[in-house]
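Source file: start-v7.csv. Holds: CSV, C-alpha atoms.
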chain,number,residue,atom,x,y,z
L,1,MET,CA,0.0,0.0,0.0
L,2,SER,CA,1.4,3.4,-1.0
L,3,LYS,CA,1.1,6.6,1.0
L,4,GLU,CA,1.0,10.0,-0.5
L,5,ASN,CA,3.9,12.3,0.5
L,6,TYR,CA,2.4,15.9,0.6
L,7,LEU,CA,5.8,17.5,0.4
L,8,SER,CA,6.6,16.2,-3.1
L,9,ARG,CA,3.1,15.1,-4.1
L,10,ILE,CA,4.7,11.8,-5.2
L,11,GLU,CA,3.4,8.5,-4.0
L,12,GLU,CA,6.0,6.6,-2.1
L,13,GLU,CA,5.7,3.2,-0.5
L,14,ASP,CA,8.1,4.1,2.3
L,15,SER,CA,6.6,7.4,3.3
L,16,SER,CA,6.5,7.1,7.1
L,17,ALA,CA,4.4,10.2,7.9
L,18,ARG,CA,1.6,12.1,6.2
L,19,ILE,CA,2.3,15.8,6.1
L,20,GLU,CA,-0.7,17.9,5.6
L,21,GLY,CA,-0.6,20.4,2.8
L,22,LEU,CA,-1.5,24.0,3.3
L,23,SER,CA,-5.1,24.9,2.6
L,24,GLU,CA,-5.7,27.3,-0.4
L,25,ASN,CA,-6.2,30.3,1.8
L,26,LYS,CA,-2.8,30.0,3.6
L,27,THR,CA,0.6,31.3,2.7
L,28,LEU,CA,3.9,29.7,3.8
L,29,TYR,CA,6.8,32.2,3.9
L,30,VAL,CA,10.2,30.7,4.6
L,31,ASP,CA,13.3,32.9,5.3
L,32,GLN,CA,16.2,32.9,7.7
L,33,PHE,CA,15.6,35.3,10.6
L,34,THR,CA,18.4,34.1,12.8
L,35,ALA,CA,21.9,35.1,11.6
L,36,ASP,CA,23.6,33.0,14.3
L,37,VAL,CA,22.0,29.7,13.2
L,38,THR,CA,23.9,28.1,10.3
L,39,PHE,CA,23.8,24.8,8.5
L,40,GLU,CA,26.3,23.3,10.9
L,41,ASN,CA,24.5,24.3,14.1
L,42,ARG,CA,20.9,24.0,12.8
L,43,GLY,CA,19.6,21.6,15.4
L,44,LEU,CA,16.5,22.4,17.3
L,45,ALA,CA,17.9,21.2,20.7
L,46,MET,CA,18.0,24.1,23.1
L,47,GLU,CA,20.5,22.3,25.3
L,48,GLU,CA,21.9,18.9,25.8
L,49,VAL,CA,21.2,16.8,28.9
L,50,GLU,CA,22.5,13.5,30.0
L,51,GLU,CA,19.9,10.9,30.6
L,52,ASP,CA,20.5,7.2,31.2
L,53,GLY,CA,24.2,7.7,30.2
L,54,GLN,CA,23.2,9.2,26.8
L,55,LYS,CA,23.3,12.8,25.7
L,56,ARG,CA,19.9,14.0,24.6
L,57,GLY,CA,18.6,17.3,23.5
L,58,VAL,CA,15.9,19.4,25.2
L,59,TYR,CA,13.6,20.6,22.4
L,60,PRO,CA,11.2,23.5,22.4
L,61,ARG,CA,7.7,22.3,23.0
L,62,SER,CA,5.8,25.5,22.0
L,63,MET,CA,6.2,28.4,19.6
L,64,LYS,CA,6.9,30.6,22.6
L,65,GLU,CA,9.9,28.5,23.5
L,66,VAL,CA,11.1,28.5,19.8
L,67,PHE,CA,10.9,32.3,19.7
L,68,ALA,CA,12.6,32.6,23.1
L,69,TYR,CA,15.5,30.4,22.1
L,70,TYR,CA,16.2,31.6,18.6
L,71,LYS,CA,15.2,35.3,19.0
L,72,PRO,CA,14.5,35.8,15.3
L,73,LYS,CA,15.3,39.2,13.8
L,74,VAL,CA,16.1,40.7,10.5
L,75,GLU,CA,17.9,43.9,9.4
L,76,VAL,CA,15.9,45.8,6.8
L,77,ASP,CA,16.9,48.8,4.7
L,78,PHE,CA,13.9,51.1,4.1
L,79,ALA,CA,14.0,53.9,1.5
L,80,GLY,CA,13.1,57.2,3.0
L,81,ASP,CA,11.2,60.1,1.3
L,82,GLY,CA,14.4,61.5,-0.2
L,83,GLY,CA,15.7,58.1,-1.3
L,84,GLU,CA,18.0,57.8,1.7
L,85,SER,CA,18.4,54.4,3.2
L,86,LYS,CA,17.1,53.8,6.8
L,87,LYS,CA,18.3,50.7,8.5
L,88,GLU,CA,16.1,49.1,11.1
L,89,VAL,CA,16.1,45.7,13.0
L,90,LEU,CA,12.8,44.0,13.1
L,91,ASN,CA,12.5,41.6,16.1
L,92,PHE,CA,10.0,38.8,16.2
L,93,ASN,CA,8.8,37.5,19.6
L,94,GLU,CA,5.6,35.8,18.5
L,95,MET,CA,3.7,34.9,15.4
L,96,LYS,CA,1.6,38.0,15.7
L,97,ASP,CA,4.8,40.1,15.0
L,98,PHE,CA,4.7,39.0,11.4
L,99,ASP,CA,1.1,40.3,11.0
L,100,ILE,CA,0.5,43.4,8.8
L,101,ASN,CA,-3.3,43.6,9.1
L,102,ASN,CA,-3.8,46.5,6.7
L,103,GLY,CA,-1.1,48.6,8.5
L,104,LYS,CA,-2.5,48.0,12.0
L,105,GLY,CA,-0.7,44.7,12.8
L,106,ASN,CA,2.4,44.1,15.0
L,107,LEU,CA,4.9,44.3,12.1
L,108,VAL,CA,3.9,47.9,11.5
L,109,THR,CA,3.4,48.8,15.1
L,110,ASN,CA,6.8,47.4,16.2
L,111,SER,CA,8.7,49.3,13.5
L,112,PRO,CA,9.2,53.1,13.9
L,113,PHE,CA,9.7,53.6,10.2
L,114,LEU,CA,6.5,51.7,9.2
L,115,SER,CA,4.5,53.4,12.0
L,116,ASP,CA,5.6,56.8,10.7
L,117,LEU,CA,4.7,55.8,7.2
L,118,ARG,CA,1.2,54.6,8.3
L,119,SER,CA,0.7,57.8,10.2
L,120,LYS,CA,1.5,59.9,7.1
L,121,LYS,CA,-0.8,57.7,5.0
L,122,ASP,CA,-3.7,58.1,7.5
L,123,ASN,CA,-3.2,61.9,7.5
L,124,CYS,CA,-3.3,62.0,3.7
L,125,GLU,CA,-6.5,59.9,3.7
L,126,THR,CA,-8.1,62.3,6.2
L,127,VAL,CA,-7.2,65.3,4.0
L,128,GLN,CA,-8.6,63.5,1.0
L,129,LYS,CA,-11.9,62.8,2.8
L,130,GLN,CA,-12.2,66.4,3.8
L,131,ILE,CA,-11.6,67.5,0.2
L,132,GLU,CA,-14.3,65.1,-1.0
L,133,LYS,CA,-16.8,66.3,1.5
L,134,ASN,CA,-16.2,70.1,1.2
L,135,ALA,CA,-17.5,71.6,-2.1
L,136,ARG,CA,-16.0,75.0,-1.3
L,137,LEU,CA,-12.5,73.6,-0.7
L,138,ARG,CA,-12.8,71.7,-4.0
L,139,GLU,CA,-13.6,75.0,-5.8
L,140,ILE,CA,-10.6,76.7,-4.2
L,141,LEU,CA,-8.3,73.9,-5.2
L,142,LYS,CA,-9.4,74.2,-8.9
L,143,ASP,CA,-8.5,77.9,-9.1
L,144,ALA,CA,-4.7,78.4,-9.2
L,145,GLU,CA,-4.7,81.8,-7.6
L,146,ALA,CA,-7.1,80.7,-4.8
L,147,ARG,CA,-5.0,77.6,-4.3
L,148,GLY,CA,-1.8,79.7,-3.9
L,149,GLU,CA,-3.6,81.9,-1.3
L,150,LEU,CA,-4.7,78.9,0.7
L,151,LYS,CA,-1.2,77.5,0.6
L,152,ALA,CA,0.2,80.8,1.9
L,153,LEU,CA,-2.4,80.8,4.7
L,154,LEU,CA,-1.6,77.3,5.7
L,155,GLU,CA,2.1,77.9,5.7
L,156,SER,CA,1.7,81.0,7.9
L,157,ILE,CA,-0.4,79.0,10.3
L,158,LEU,CA,2.2,76.2,10.4
L,159,VAL,CA,5.0,78.8,11.2
L,160,GLU,CA,2.8,80.3,14.0
L,161,LEU,CA,2.2,76.8,15.5
L,162,ASN,CA,5.9,75.9,15.3
L,163,GLU,CA,6.8,79.2,17.1
L,164,SER,CA,4.3,78.7,19.8
L,165,ASN,CA,5.6,75.2,20.5
L,166,LYS,CA,9.2,76.5,21.2

Conversion result in structure tokens:
Amino acid sequence: MSKENYLSRIEEEDSSARIEGLSENKTLYVDQFTADVTFENRGLAMEEVEEDGQKRGVYPRSMKEVFAYYKPKVEVDFAGDGGESKKEVLNFNEMKDFDINNGKGNLVTNSPFLSDLRSKKDNCETVQKQIEKNARLREILKDAEARGELKALLESILVELNESNK
């Protein structure tokens, strides 16, 4: 009797374990997030203990233990507004730290650069909604002269606010 091996989708008679495939609505992302783990020291044993005269490994029993032992992190180069490179180290302490969730997940929250970017995006969306709701503002923005006057007014308000915060 042959068993199906889900890793290769090939039927093998000697396949000892059935590995379940990912469902269609799941994504598997594989990358190395631990620079200190190499091919030579890739074992999952957190430590070796001697038991009955034999050395055996103590293995993580939960995802929490895996994250605590390996402390996965990755260094990322973000491109700033002016094209400058901004380096940041993203640390992962639990599976939720990989979550984006439309800009509200832990990946964005735990990153100062991504949080700042999300804040700027939210501000732009707020301004866009105000423009869509306000017919008078839309008319001002259509006229070049009126748009210039509005810009000058907003810049003077910004200067005044900055001076009052000093």

Skip Glu47 in chain L itself and residues of its chain fewer than 3 positions away, then list as a list in words all residues within 8 Å of it, counting all atoms listed in the file.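 Result of the neighbour search: Gly57, Val58 and Tyr59 of chain L.
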
Given the choices L:Gly103, L:Tyr70, L:Val30, L:Leu158, which gets closest to Ser115 in chain L if the distance is worked out from only C-alpha atoms? L:Gly103

Which residues, written as a PyMOL selection string, have at least one atom at most 12 Å from Gly80 in chain L, with all atoms listed in the file counted and residues fewer than 4 positions away on the same chain left out? chain L and resi 84-88+113-114+116-117

Could you write out that same residue set with C-alpha atoms as a CSV table (one decimal), keeping the file's coordinate frame?
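The file below, part.csv, is the result:
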chain,number,residue,atom,x,y,z
L,84,GLU,CA,18.0,57.8,1.7
L,85,SER,CA,18.4,54.4,3.2
L,86,LYS,CA,17.1,53.8,6.8
L,87,LYS,CA,18.3,50.7,8.5
L,88,GLU,CA,16.1,49.1,11.1
L,113,PHE,CA,9.7,53.6,10.2
L,114,LEU,CA,6.5,51.7,9.2
L,116,ASP,CA,5.6,56.8,10.7
L,117,LEU,CA,4.7,55.8,7.2

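Every protein or nucleic acid residue with an atom no more than 10 Å from Glu65 in chain L, counting all atoms listed in the file and leaving out same-chain residues fewer than 5 positions away, appears here: Met46, Tyr59, Pro60, Tyr70, Lys71, Asn93 and Glu94 of chain L.
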